[in-house]
>>> print(open('input24.csv').read())   # CSV, C-alpha atoms and all ligand atoms
chain,number,residue,atom,x,y,z
W,99,MET,CA,13.1,-18.4,-28.3
W,100,GLY,CA,10.9,-15.4,-29.1
W,101,LYS,CA,8.6,-13.4,-26.9
W,102,ILE,CA,5.6,-15.6,-27.6
W,103,ASP,CA,7.3,-18.6,-26.2
W,104,ARG,CA,7.8,-17.0,-22.8
W,105,TYR,CA,4.1,-16.3,-22.4
W,106,HIS,CA,2.8,-19.4,-24.3
W,107,ARG,CA,1.1,-21.1,-21.3
W,108,GLN,CA,-0.6,-17.8,-20.3
W,109,ALA,CA,-1.8,-17.1,-23.9
W,110,LEU,CA,-3.2,-20.6,-24.1
W,111,LEU,CA,-5.9,-19.6,-21.6
W,112,PRO,CA,-9.1,-18.8,-23.4
W,113,MET,CA,-9.7,-15.7,-21.3
W,114,ILE,CA,-6.4,-14.2,-22.3
W,115,GLY,CA,-5.4,-15.6,-25.7
W,116,LYS,CA,-2.9,-13.9,-28.1
W,117,GLU,CA,-5.1,-10.8,-28.1
W,118,GLY,CA,-5.2,-10.5,-24.3
W,119,GLN,CA,-1.5,-11.2,-24.1
W,120,SER,CA,-0.7,-8.4,-26.5
W,121,ARG,CA,-2.9,-6.0,-24.6
W,122,ILE,CA,-1.1,-6.9,-21.4
W,123,GLY,CA,2.2,-6.3,-23.3
W,124,ARG,CA,1.1,-2.8,-24.3
W,125,ALA,CA,-0.2,-1.8,-20.8
W,126,THR,CA,1.3,0.1,-17.9
W,127,ALA,CA,0.7,-1.2,-14.4
W,128,ALA,CA,1.7,0.5,-11.2
W,129,VAL,CA,2.5,-1.2,-7.9
W,130,VAL,CA,2.5,1.3,-5.0
W,131,GLY,CA,4.2,0.0,-1.9
W,132,VAL,CA,6.6,-2.8,-2.7
W,133,GLY,CA,6.3,-4.6,0.7
W,134,ALA,CA,4.8,-8.0,1.1
W,135,LEU,CA,1.8,-7.6,-1.1
W,136,GLY,CA,3.6,-5.5,-3.6
W,137,CYS,CA,6.5,-8.0,-4.0
W,138,THR,CA,4.1,-10.7,-4.9
W,139,SER,CA,2.0,-8.7,-7.3
W,140,ALA,CA,5.0,-7.0,-9.0
W,141,ASP,CA,6.6,-10.4,-9.4
W,142,LEU,CA,3.5,-11.9,-11.1
W,143,LEU,CA,2.9,-8.9,-13.3
W,144,THR,CA,6.5,-9.0,-14.4
W,145,ARG,CA,6.4,-12.7,-15.3
W,146,ALA,CA,3.1,-12.1,-17.0
W,147,GLY,CA,4.7,-9.6,-19.4
W,148,VAL,CA,3.1,-6.3,-18.5
W,149,GLY,CA,4.7,-3.8,-20.9
W,150,ARG,CA,5.6,-1.2,-18.3
W,151,LEU,CA,5.7,-1.6,-14.6
W,152,ILE,CA,6.0,1.4,-12.2
W,153,LEU,CA,7.1,0.7,-8.7
W,154,VAL,CA,6.8,3.3,-5.9
W,155,ASP,CA,8.1,2.8,-2.3
W,156,ARG,CA,9.5,5.1,0.3
W,157,ASP,CA,11.1,2.4,2.5
W,158,ILE,CA,14.4,0.5,2.7
W,159,VAL,CA,14.7,-3.3,3.0
W,160,GLU,CA,15.0,-4.5,6.7
W,161,HIS,CA,15.9,-7.8,8.0
W,162,THR,CA,12.4,-8.6,9.4
W,163,ASN,CA,11.0,-8.1,5.9
W,164,LEU,CA,12.6,-11.2,4.6
W,165,GLN,CA,10.0,-13.5,6.2
W,166,ARG,CA,7.4,-12.4,3.6
W,167,GLN,CA,8.8,-9.9,1.1
W,168,THR,CA,9.8,-12.3,-1.7
W,169,LEU,CA,11.9,-10.0,-3.9
W,170,TYR,CA,14.5,-9.3,-1.3
W,171,THR,CA,17.7,-11.0,-0.1
W,172,GLU,CA,19.9,-10.8,3.1
W,173,THR,CA,22.3,-8.6,1.1
W,174,ASP,CA,19.5,-6.1,0.4
W,175,ALA,CA,18.7,-6.0,4.1
W,176,ALA,CA,22.3,-5.7,5.2
W,177,SER,CA,22.9,-2.7,3.0
W,178,GLY,CA,19.5,-1.2,3.7
W,179,ARG,CA,18.7,-0.8,0.0
W,180,PRO,CA,15.6,1.2,-1.1
W,181,LYS,CA,12.9,-1.3,-1.8
W,182,ALA,CA,11.9,0.1,-5.1
W,183,HIS,CA,15.4,-0.2,-6.5
W,184,ALA,CA,16.1,-3.6,-5.0
W,185,ALA,CA,12.8,-4.8,-6.4
W,186,ARG,CA,13.5,-3.4,-9.8
W,187,ASP,CA,16.9,-5.1,-10.1
W,188,ARG,CA,15.4,-8.5,-9.1
W,189,LEU,CA,12.5,-8.1,-11.5
W,190,ARG,CA,14.8,-7.1,-14.4
W,191,ALA,CA,16.6,-10.4,-13.8
W,192,ILE,CA,13.3,-12.2,-14.1
W,193,ASN,CA,12.1,-10.4,-17.2
W,194,SER,CA,14.5,-8.2,-19.2
W,195,GLU,CA,11.9,-7.7,-22.0
W,196,ILE,CA,9.7,-5.3,-20.1
W,197,GLU,CA,10.3,-1.7,-18.9
W,198,ILE,CA,10.5,-1.3,-15.1
W,199,ILE,CA,10.6,2.1,-13.5
W,200,ALA,CA,11.4,2.5,-9.8
W,201,HIS,CA,10.6,5.5,-7.7
W,202,THR,CA,12.0,5.7,-4.2
W,203,SER,CA,9.6,8.3,-2.9
W,204,ASP,CA,6.9,9.0,-0.5
W,205,LEU,CA,3.8,9.1,-2.6
W,206,SER,CA,2.1,12.4,-1.9
W,207,SER,CA,-0.4,14.9,-3.3
W,208,GLU,CA,2.5,16.7,-4.9
W,209,ASN,CA,3.9,13.7,-6.9
W,210,ALA,CA,1.0,11.2,-7.3
W,211,GLU,CA,-0.3,12.5,-10.6
W,212,GLU,CA,3.1,12.8,-12.2
W,213,LEU,CA,4.2,9.3,-11.1
W,214,LEU,CA,1.0,7.4,-11.8
W,215,ASP,CA,-1.4,9.1,-14.2
W,216,GLU,CA,-0.3,7.0,-17.2
W,217,SER,CA,-1.2,3.7,-15.4
W,218,ASP,CA,-3.8,1.4,-16.9
W,219,VAL,CA,-4.3,-0.2,-13.5
W,220,ILE,CA,-2.9,0.5,-10.0
W,221,VAL,CA,-2.2,-2.2,-7.4
W,222,ASP,CA,-2.2,-1.1,-3.8
W,223,GLY,CA,0.6,-2.5,-1.8
W,224,THR,CA,0.7,0.2,0.8
W,225,ASP,CA,0.6,-0.3,4.5
W,226,ASN,CA,-1.3,2.8,5.4
W,227,PHE,CA,-4.7,4.4,4.8
W,228,GLU,CA,-3.3,7.8,4.1
W,229,THR,CA,-1.7,6.7,0.9
W,230,ARG,CA,-4.6,4.4,0.1
W,231,TYR,CA,-7.0,7.4,0.2
W,232,LEU,CA,-4.6,9.4,-2.0
W,233,LEU,CA,-4.6,6.5,-4.5
W,234,ASN,CA,-8.4,6.4,-4.4
W,235,ASP,CA,-8.6,10.1,-5.2
W,236,LEU,CA,-6.1,9.7,-8.1
W,237,ALA,CA,-7.9,6.6,-9.4
W,238,GLN,CA,-11.3,8.3,-9.4
W,239,GLN,CA,-10.0,11.5,-10.9
W,240,GLU,CA,-8.1,9.8,-13.7
W,241,GLY,CA,-10.5,6.9,-14.2
W,242,ILE,CA,-7.9,4.2,-13.4
W,243,PRO,CA,-9.0,0.8,-11.9
W,244,LEU,CA,-7.4,0.4,-8.4
W,245,VAL,CA,-7.0,-3.0,-6.7
W,246,ILE,CA,-6.9,-2.4,-2.9
W,247,GLY,CA,-5.4,-5.1,-0.7
W,248,GLY,CA,-4.5,-5.6,2.9
W,249,ALA,CA,-3.3,-8.4,5.2
W,250,VAL,CA,-2.8,-8.6,9.0
W,251,GLY,CA,-2.3,-11.7,11.1
W,252,THR,CA,-3.6,-14.7,9.0
W,253,ARG,CA,-6.3,-12.8,7.2
W,254,GLY,CA,-6.5,-10.4,4.2
W,255,THR,CA,-8.9,-8.7,1.9
W,256,ILE,CA,-9.0,-7.5,-1.7
W,257,THR,CA,-11.4,-4.9,-3.1
W,258,PRO,CA,-11.4,-3.8,-6.7
W,259,LEU,CA,-12.4,-0.2,-7.1
W,260,ILE,CA,-13.5,0.5,-10.7
W,261,PRO,CA,-14.3,4.1,-11.5
W,262,GLY,CA,-17.9,4.4,-12.7
W,263,ARG,CA,-18.8,0.9,-11.5
W,264,GLY,CA,-19.4,0.3,-7.8
W,265,PRO,CA,-18.1,2.2,-4.9
W,266,CYS,CA,-14.8,4.1,-4.3
W,267,LEU,CA,-12.9,3.8,-1.0
W,268,ARG,CA,-14.7,6.8,0.5
W,269,CYS,CA,-18.1,5.4,-0.4
W,270,LEU,CA,-17.2,2.5,1.9
W,271,GLU,CA,-15.4,4.5,4.6
W,272,PRO,CA,-15.9,8.3,4.2
W,273,GLU,CA,-13.2,9.4,6.6
W,274,LEU,CA,-9.6,8.2,7.2
W,275,PRO,CA,-9.8,5.5,9.8
W,276,VAL,CA,-7.7,5.7,13.0
W,277,GLN,CA,-5.9,3.1,15.1
W,278,ARG,CA,-6.1,-0.3,13.8
W,279,GLU,CA,-3.9,-3.4,14.0
W,280,THR,CA,-1.0,-3.5,11.6
W,281,CYS,CA,1.5,-6.1,10.6
W,282,ASP,CA,4.0,-4.3,12.8
W,283,THR,CA,1.9,-4.8,15.9
W,284,ALA,CA,-0.2,-7.9,15.2
W,285,GLY,CA,2.2,-9.9,13.1
W,286,VAL,CA,1.5,-11.4,9.7
W,287,LEU,CA,1.7,-14.9,8.2
W,288,GLY,CA,3.8,-15.1,5.0
W,289,PRO,CA,1.3,-17.2,3.0
W,290,ILE,CA,-1.6,-14.8,3.5
W,291,VAL,CA,0.3,-11.9,1.8
W,292,GLN,CA,1.1,-14.2,-1.1
W,293,MET,CA,-2.5,-15.1,-1.5
W,294,ILE,CA,-3.7,-11.5,-1.4
W,295,GLY,CA,-0.9,-10.2,-3.6
W,296,ALA,CA,-1.5,-13.0,-6.1
W,297,ARG,CA,-5.3,-12.3,-6.2
W,298,GLN,CA,-4.6,-8.6,-6.7
W,299,ALA,CA,-2.3,-9.5,-9.7
W,300,ALA,CA,-5.0,-11.7,-11.1
W,301,ILE,CA,-7.5,-8.9,-11.0
W,302,ALA,CA,-5.0,-6.5,-12.6
W,303,LEU,CA,-4.3,-8.9,-15.4
W,304,ARG,CA,-8.0,-9.3,-16.0
W,305,VAL,CA,-8.4,-5.6,-16.2
W,306,LEU,CA,-5.6,-5.4,-18.7
W,307,ALA,CA,-6.5,-8.4,-20.8
W,308,GLU,CA,-10.2,-7.9,-21.2
W,309,GLY,CA,-11.0,-4.4,-19.7
W,310,GLU,CA,-12.5,-3.6,-16.4
W,311,GLY,CA,-16.1,-4.1,-17.4
W,312,ASN,CA,-16.3,-7.7,-16.3
W,313,VAL,CA,-14.4,-7.5,-13.0
W,314,PRO,CA,-16.8,-8.5,-10.2
W,315,ILE,CA,-17.2,-5.7,-7.7
W,316,VAL,CA,-16.8,-7.9,-4.6
W,317,LEU,CA,-14.8,-7.6,-1.4
W,318,GLU,CA,-13.0,-10.9,-0.9
W,319,GLU,CA,-11.6,-12.1,2.4
W,320,PHE,CA,-9.3,-15.0,2.9
W,321,ASP,CA,-7.9,-16.6,6.1
W,322,ALA,CA,-4.7,-18.6,5.2
W,323,TRP,CA,-4.7,-20.4,8.5
W,324,SER,CA,-8.3,-21.6,8.7
W,325,GLY,CA,-9.0,-21.7,5.0
W,326,GLN,CA,-12.1,-19.7,5.5
W,327,THR,CA,-13.2,-17.4,2.6
W,328,ARG,CA,-15.9,-14.8,2.4
W,329,SER,CA,-17.1,-12.4,-0.3
W,330,ILE,CA,-19.3,-9.4,0.0
W,331,ASP,CA,-21.1,-8.0,-3.1
W,332,LEU,CA,-20.3,-4.3,-3.3
W,333,SER,CA,-21.9,-3.6,-6.6
W,334,GLU,CA,-24.7,-1.6,-5.0
W,335,SER,CA,-22.5,0.1,-2.4
W,336,ARG,CA,-21.9,3.3,-4.1
W,337,ASN,CA,-22.7,6.2,-1.8
W,338,GLU,CA,-24.9,8.6,-3.8
W,339,SER,CA,-23.5,11.6,-2.0
W,340,CYS,CA,-19.9,10.5,-1.8
W,341,VAL,CA,-17.5,13.5,-1.7
W,342,CYS,CA,-15.0,11.8,-3.9
W,343,CYS,CA,-16.6,9.7,-6.7
W,344,VAL,CA,-19.9,11.7,-6.8
W,345,GLN,CA,-19.0,15.2,-5.8
W,346,ASN,CA,-15.6,14.9,-7.4
W,347,GLU,CA,-13.8,16.5,-4.5
W,348,TYR,CA,-10.3,15.0,-4.2
W,349,ASP,CA,-9.3,16.1,-0.7
W,350,PHE,CA,-6.3,13.8,-0.4
W,351,LEU,CA,-5.0,14.7,-3.9
W,352,ASP,CA,-5.6,18.3,-3.2
W,353,GLY,CA,-3.5,18.0,0.0
W,354,VAL,CA,-6.5,18.9,2.2
W,355,GLY,CA,-6.9,15.5,3.8
W,356,VAL,CA,-3.2,14.7,4.3
W,357,GLY,CA,-2.4,16.3,7.6
W,358,ARG,CA,0.6,18.4,8.4
W,359,THR,CA,4.1,17.9,9.5
W,360,THR,CA,6.1,20.6,11.3
W,361,LYS,CA,9.8,20.4,11.9
W,362,LEU,CA,10.6,21.4,15.5
W,363,CYS,CA,13.8,23.3,15.1
W,364,GLY,CA,16.7,22.5,17.3
W,365,ARG,CA,14.9,19.5,18.9
W,366,GLY,CA,15.7,16.9,16.3
W,367,ALA,CA,11.9,16.3,16.1
W,368,VAL,CA,8.9,16.5,13.8
W,369,GLN,CA,5.4,17.1,14.8
W,370,VAL,CA,2.8,15.1,12.9
W,371,THR,CA,-0.8,16.5,12.9
W,372,PRO,CA,-3.2,14.0,11.2
W,373,PRO,CA,-6.1,15.1,9.1
W,374,ARG,CA,-9.6,15.1,10.6
W,375,VAL,CA,-9.1,12.3,13.1
W,376,GLY,CA,-11.3,12.1,16.1
W,377,ARG,CA,-9.7,11.4,19.5
W,378,VAL,CA,-7.2,8.6,19.6
W,379,ASP,CA,-7.6,5.7,22.0
W,380,LEU,CA,-4.4,6.2,23.9
W,381,LEU,CA,-4.7,2.9,25.9
W,382,ALA,CA,-4.9,0.9,22.6
W,383,VAL,CA,-2.0,2.9,21.2
W,384,ALA,CA,0.1,2.3,24.3
W,385,ALA,CA,-0.7,-1.4,24.3
W,386,SER,CA,0.3,-1.9,20.7
W,387,LEU,CA,3.5,0.2,21.0
W,388,SER,CA,4.6,-1.8,24.1
W,389,LYS,CA,5.7,-4.5,21.6
W,390,GLN,CA,8.2,-2.2,20.0
W,391,GLY,CA,9.8,-0.5,23.0
W,392,ALA,CA,9.3,1.1,26.4
W,393,VAL,CA,6.0,2.9,26.9
W,394,THR,CA,4.8,5.2,29.6
W,395,SER,CA,1.3,6.8,29.9
W,396,LEU,CA,1.1,10.0,31.8
W,397,ASP,CA,-1.0,13.2,32.0
W,398,GLY,CA,-3.2,12.2,29.1
W,399,LEU,CA,-0.4,11.4,26.7
W,400,VAL,CA,1.7,8.4,25.8
W,401,ARG,CA,5.4,8.4,25.4
W,402,ALA,CA,7.2,5.5,23.7
W,403,VAL,CA,10.8,4.9,23.0
W,404,LEU,CA,10.8,2.6,20.0
W,405,ASP,CA,13.6,0.2,19.5
W,406,GLY,CA,14.9,0.9,16.0
W,407,GLU,CA,15.5,-2.7,15.0
W,408,LEU,CA,12.4,-4.2,16.6
W,409,ALA,CA,10.2,-1.5,15.1
W,410,GLU,CA,11.9,-1.6,11.6
W,411,ILE,CA,12.6,2.1,11.6
W,412,GLY,CA,16.4,2.3,11.7
W,413,ASP,CA,17.6,4.4,14.6
W,414,GLN,CA,15.7,4.7,17.9
W,415,VAL,CA,13.0,7.3,18.1
W,416,GLU,CA,10.9,8.7,20.9
W,417,LEU,CA,7.2,9.2,20.3
W,418,THR,CA,4.9,11.5,22.3
W,419,ILE,CA,1.3,11.0,21.3
W,420,PHE,CA,-1.6,13.3,22.3
W,421,SER,CA,-5.2,12.3,22.6
W,422,ASP,CA,-6.1,14.6,19.7
W,423,GLY,CA,-4.0,12.3,17.5
W,424,ARG,CA,-1.1,14.7,17.3
W,425,ALA,CA,2.4,13.2,17.8
W,426,ILE,CA,5.9,14.4,18.2
W,427,VAL,CA,8.5,12.1,16.6
W,428,LYS,CA,11.9,12.8,18.2
W,429,GLY,CA,15.0,11.3,16.6
W,430,THR,CA,14.4,12.5,13.1
W,431,GLU,CA,14.2,15.9,11.3
W,432,GLU,CA,12.7,14.3,8.1
W,433,ALA,CA,9.0,14.9,7.6
W,434,SER,CA,8.6,11.9,5.4
W,435,ARG,CA,10.2,9.6,8.0
W,436,ALA,CA,8.2,11.0,10.8
W,437,ARG,CA,5.0,10.5,8.7
W,438,ALA,CA,6.0,7.0,7.9
W,439,ILE,CA,6.6,6.1,11.6
W,440,TYR,CA,3.3,7.8,12.5
W,441,SER,CA,1.3,5.8,10.0
W,442,LYS,CA,3.0,2.6,10.9
W,443,TYR,CA,2.5,2.8,14.6
W,444,ILE,CA,-0.3,5.3,15.5
W,445,ALA,CA,-2.8,5.7,12.7
W,446,GLY,CA,-2.6,4.9,9.0
F,1,ZN,ZN,-17.2,7.2,-3.6
>>> encode(input="input24.csv", output="structure tokens", more="lines below")
Ligand SMILES: [Zn+2]
Amino acid sequence: MGKIDRYHRQALLPMIGKEGQSRIGRATAAVVGVGALGCTSADLLTRAGVGRLILVDRDIVEHTNLQRQTLYTETDAASGRPKAHAARDRLRAINSEIEIIAHTSDLSSENAEELLDESDVIVDGTDNFETRYLLNDLAQQEGIPLVIGGAVGTRGTITPLIPGRGPCLRCLEPELPVQRETCDTAGVLGPIVQMIGARQAAIALRVLAEGEGNVPIVLEEFDAWSGQTRSIDLSESRNESCVCCVQNEYDFLDGVGVGRTTKLCGRGAVQVTPPRVGRVDLLAVAASLSKQGAVTSLDGLVRAVLDGELAEIGDQVELTIFSDGRAIVKGTEEASRARAIYSKYIAG
């Protein structure tokens, strides 16, 4: 059995054909964030025969991931394996003919170009806006199509961002949003992440097989529970004064928009100062954190002791959140872990 046989059913499709299949086989795709969405899209891209697949994730596999993150097993969770490496091993077992590169790292302004600039398409599997804005900067600067996705509860959305056609993320939302529901506070249904991840993979394959020129610039929304779908045409949504795609200022890639973390020596704590956020709604933050541990509100700040297991963060940590969005994460001295906890539970 040769290579053609494996992809025979896909190459039969008139929109792909042998030509499209060979373009897919020469292409590099990146999946950033190998959580629920990323597991599904990476799986489909691997099976479809993308020549080179780059995986980036900063997290380890947790027991509560298994409900929806389809590349992982109980063994991965029990040993707390890094997701990028666990995913790579599983994907290699599915398709040994393609190249799979795993990076267990926190995508940042320092490493984003090095890790991703050879990508022909980037699929967003992240769970936070900070990384998504960084990806948007990189995609615009390098001219790489980026397929944004997100799912919370029973609903999810997909937005293809094609440089030079339609809007970028900052055309749609100029500043980093604060305080929203996440999978960690609102829950998430397994099937919706599969739907969103699968649709992201389909858009990525279309970009690779026939180029990005035909991809519809449409925000798509699905509800896996009610079956409702909605689509919003974004082809005219480019902001003519956008700082990113018009003025070519890449704040997040330049590190300007990414906030700061400061290690508080001797306290086993890290202070996280977010970039350019307004005031945080402490009541809303307290309400959502109360599902992950004990929360007290006092003197204009919120203090929460997060249960490590419930919150999927390993060991217990104590958060102190101020109304200006600043937070002290006690129980770690690692800036990347503090930033991850911050974006997971306070503001992405
Ligand atoms: Zn823009």
>>> residues_near_ligand(input="input24.csv", ligand="ligand ZN 1 (chain F)", cutoff="6 Å", atoms="all atoms listed in the file", output="PyMOL selection string")
chain W and resi 265-266+268-269+337+340+342-343
>>> residues_around(input="input24.csv", residues="range 168-180 of chain W", least_positions_apart="5", cutoff="10 Å", atoms="all atoms listed in the file", output="compact mmCIF listing (two decimals) with C-alpha atoms, in the coordinates of the input")
# COMPACT_ATOMS: atom_id res chain seq x y z
CA VAL W 132 6.60 -2.80 -2.70
CA GLY W 133 6.30 -4.60 0.70
CA ALA W 134 4.80 -8.00 1.10
CA LEU W 135 1.80 -7.60 -1.10
CA GLY W 136 3.60 -5.50 -3.60
CA CYS W 137 6.50 -8.00 -4.00
CA THR W 138 4.10 -10.70 -4.90
CA ALA W 140 5.00 -7.00 -9.00
CA ASP W 141 6.60 -10.40 -9.40
CA ASP W 155 8.10 2.80 -2.30
CA ARG W 156 9.50 5.10 0.30
CA ASP W 157 11.10 2.40 2.50
CA ILE W 158 14.40 0.50 2.70
CA VAL W 159 14.70 -3.30 3.00
CA GLU W 160 15.00 -4.50 6.70
CA HIS W 161 15.90 -7.80 8.00
CA THR W 162 12.40 -8.60 9.40
CA ASN W 163 11.00 -8.10 5.90
CA ALA W 185 12.80 -4.80 -6.40
CA ARG W 186 13.50 -3.40 -9.80
CA ASP W 187 16.90 -5.10 -10.10
CA ARG W 188 15.40 -8.50 -9.10
CA LEU W 189 12.50 -8.10 -11.50
CA ALA W 200 11.40 2.50 -9.80
CA HIS W 201 10.60 5.50 -7.70
CA THR W 202 12.00 5.70 -4.20
CA SER W 203 9.60 8.30 -2.90
CA GLY W 288 3.80 -15.10 5.00
CA GLN W 292 1.10 -14.20 -1.10
CA GLY W 412 16.40 2.30 11.70
>>> closest_residue(input="input24.csv", among="W:Gly285, W:Pro275, W:Ala302, W:Tyr231", to="Gly423 in chain W", atoms="all atoms listed in the file")
W:Pro275
>>> atom_distance(input="input24.csv", atom1="CA of Val370 in chain W", atom2="CA of Ala433 in chain W")
8.2 Å
>>> residues_around(input="input24.csv", residues="Glu211 in chain W", least_positions_apart="6", cutoff="12 Å", atoms="only C-alpha atoms", output="count of residues only")
15
>>> closest_residue(input="input24.csv", among="W:Thr252, W:Thr371, W:Gln167, W:Thr359", to="Phe320 in chain W", atoms="all atoms listed in the file")
W:Thr252
>>> residues_around(input="input24.csv", residues="range 385-390 of chain W", least_positions_apart="4", cutoff="6 Å", atoms="all atoms listed in the file", output="ChimeraX atom specification")
/W:283,404-405,408-409
>>> closest_residue(input="input24.csv", among="W:Val291, W:Ala191, W:Val245, W:Ala128", to="Ala210 in chain W", atoms="only C-alpha atoms")
W:Ala128
>>> closest_residue(input="input24.csv", among="W:Ala300, W:Ile260, W:Leu164, W:Ile192", to="Met113 in chain W", atoms="only C-alpha atoms")
W:Ala300
>>> closest_residue(input="input24.csv", among="W:Gly223, W:Gly147, W:Pro243, W:Pro261", to="Ile301 in chain W", atoms="all atoms listed in the file")
W:Pro243
>>> closest_residue(input="input24.csv", among="W:Ile411, W:Val393, W:Leu151, W:Gly241", to="Val221 in chain W", atoms="all atoms listed in the file")
W:Leu151
>>> residues_around(input="input24.csv", residues="Ser395 in chain W", least_positions_apart="2", cutoff="10 Å", atoms="all atoms listed in the file", output="ChimeraX atom specification")
/W:380-381,384,393,397-402,418-419
>>> atom_distance(input="input24.csv", atom1="CA of Ala425 in chain W", atom2="CA of Leu287 in chain W")
29.7 Å
>>> residues_around(input="input24.csv", residues="range 106-112 of chain W", least_positions_apart="6", cutoff="12 Å", atoms="only C-alpha atoms", output="count of residues only")
18
>>> atom_distance(input="input24.csv", atom1="CA of Leu214 in chain W", atom2="CA of Leu332 in chain W")
25.7 Å
>>> decode(input="input24.csv", residues="range 427-445 of chain W", atoms="N, CA and C atoms", output="compact mmCIF listing (two decimals), in the first residue's frame")
# COMPACT_ATOMS: atom_id res chain seq x y z
N VAL W 427 -0.56 35.69 42.47
CA VAL W 427 -0.77 34.24 42.44
C VAL W 427 0.22 33.61 43.41
N LYS W 428 -0.29 33.11 44.54
CA LYS W 428 0.59 32.55 45.55
C LYS W 428 0.54 31.04 45.48
N GLY W 429 1.71 30.42 45.56
CA GLY W 429 1.76 28.97 45.44
C GLY W 429 2.57 28.56 44.21
N THR W 430 3.15 29.56 43.54
CA THR W 430 4.04 29.26 42.42
C THR W 430 5.07 30.38 42.32
N GLU W 431 6.24 30.04 41.78
CA GLU W 431 7.23 31.09 41.49
C GLU W 431 7.50 31.15 40.00
N GLU W 432 6.71 30.39 39.25
CA GLU W 432 6.89 30.36 37.80
C GLU W 432 5.98 31.37 37.13
N ALA W 433 6.58 32.28 36.39
CA ALA W 433 5.79 33.31 35.73
C ALA W 433 4.79 32.71 34.73
N SER W 434 5.23 31.68 34.00
CA SER W 434 4.33 31.13 32.97
C SER W 434 3.13 30.45 33.60
N ARG W 435 3.35 29.78 34.75
CA ARG W 435 2.23 29.12 35.41
C ARG W 435 1.26 30.16 35.97
N ALA W 436 1.82 31.22 36.56
CA ALA W 436 0.97 32.29 37.11
C ALA W 436 0.15 32.93 36.00
N ARG W 437 0.79 33.14 34.85
CA ARG W 437 0.09 33.76 33.72
C ARG W 437 -1.00 32.84 33.19
N ALA W 438 -0.69 31.54 33.18
CA ALA W 438 -1.68 30.57 32.70
C ALA W 438 -2.90 30.54 33.62
N ILE W 439 -2.65 30.56 34.92
CA ILE W 439 -3.76 30.55 35.89
C ILE W 439 -4.57 31.84 35.77
N TYR W 440 -3.86 32.92 35.59
CA TYR W 440 -4.53 34.21 35.45
C TYR W 440 -5.46 34.21 34.23
N SER W 441 -4.93 33.75 33.11
CA SER W 441 -5.76 33.83 31.90
C SER W 441 -6.90 32.82 31.95
N LYS W 442 -6.70 31.75 32.72
CA LYS W 442 -7.75 30.74 32.83
C LYS W 442 -8.91 31.22 33.69
N TYR W 443 -8.59 31.94 34.76
CA TYR W 443 -9.63 32.23 35.75
C TYR W 443 -9.98 33.71 35.94
N ILE W 444 -9.16 34.59 35.44
CA ILE W 444 -9.48 36.01 35.68
C ILE W 444 -9.77 36.72 34.39
N ALA W 445 -8.83 36.73 33.50
CA ALA W 445 -9.07 37.39 32.21
C ALA W 445 -8.13 36.79 31.20
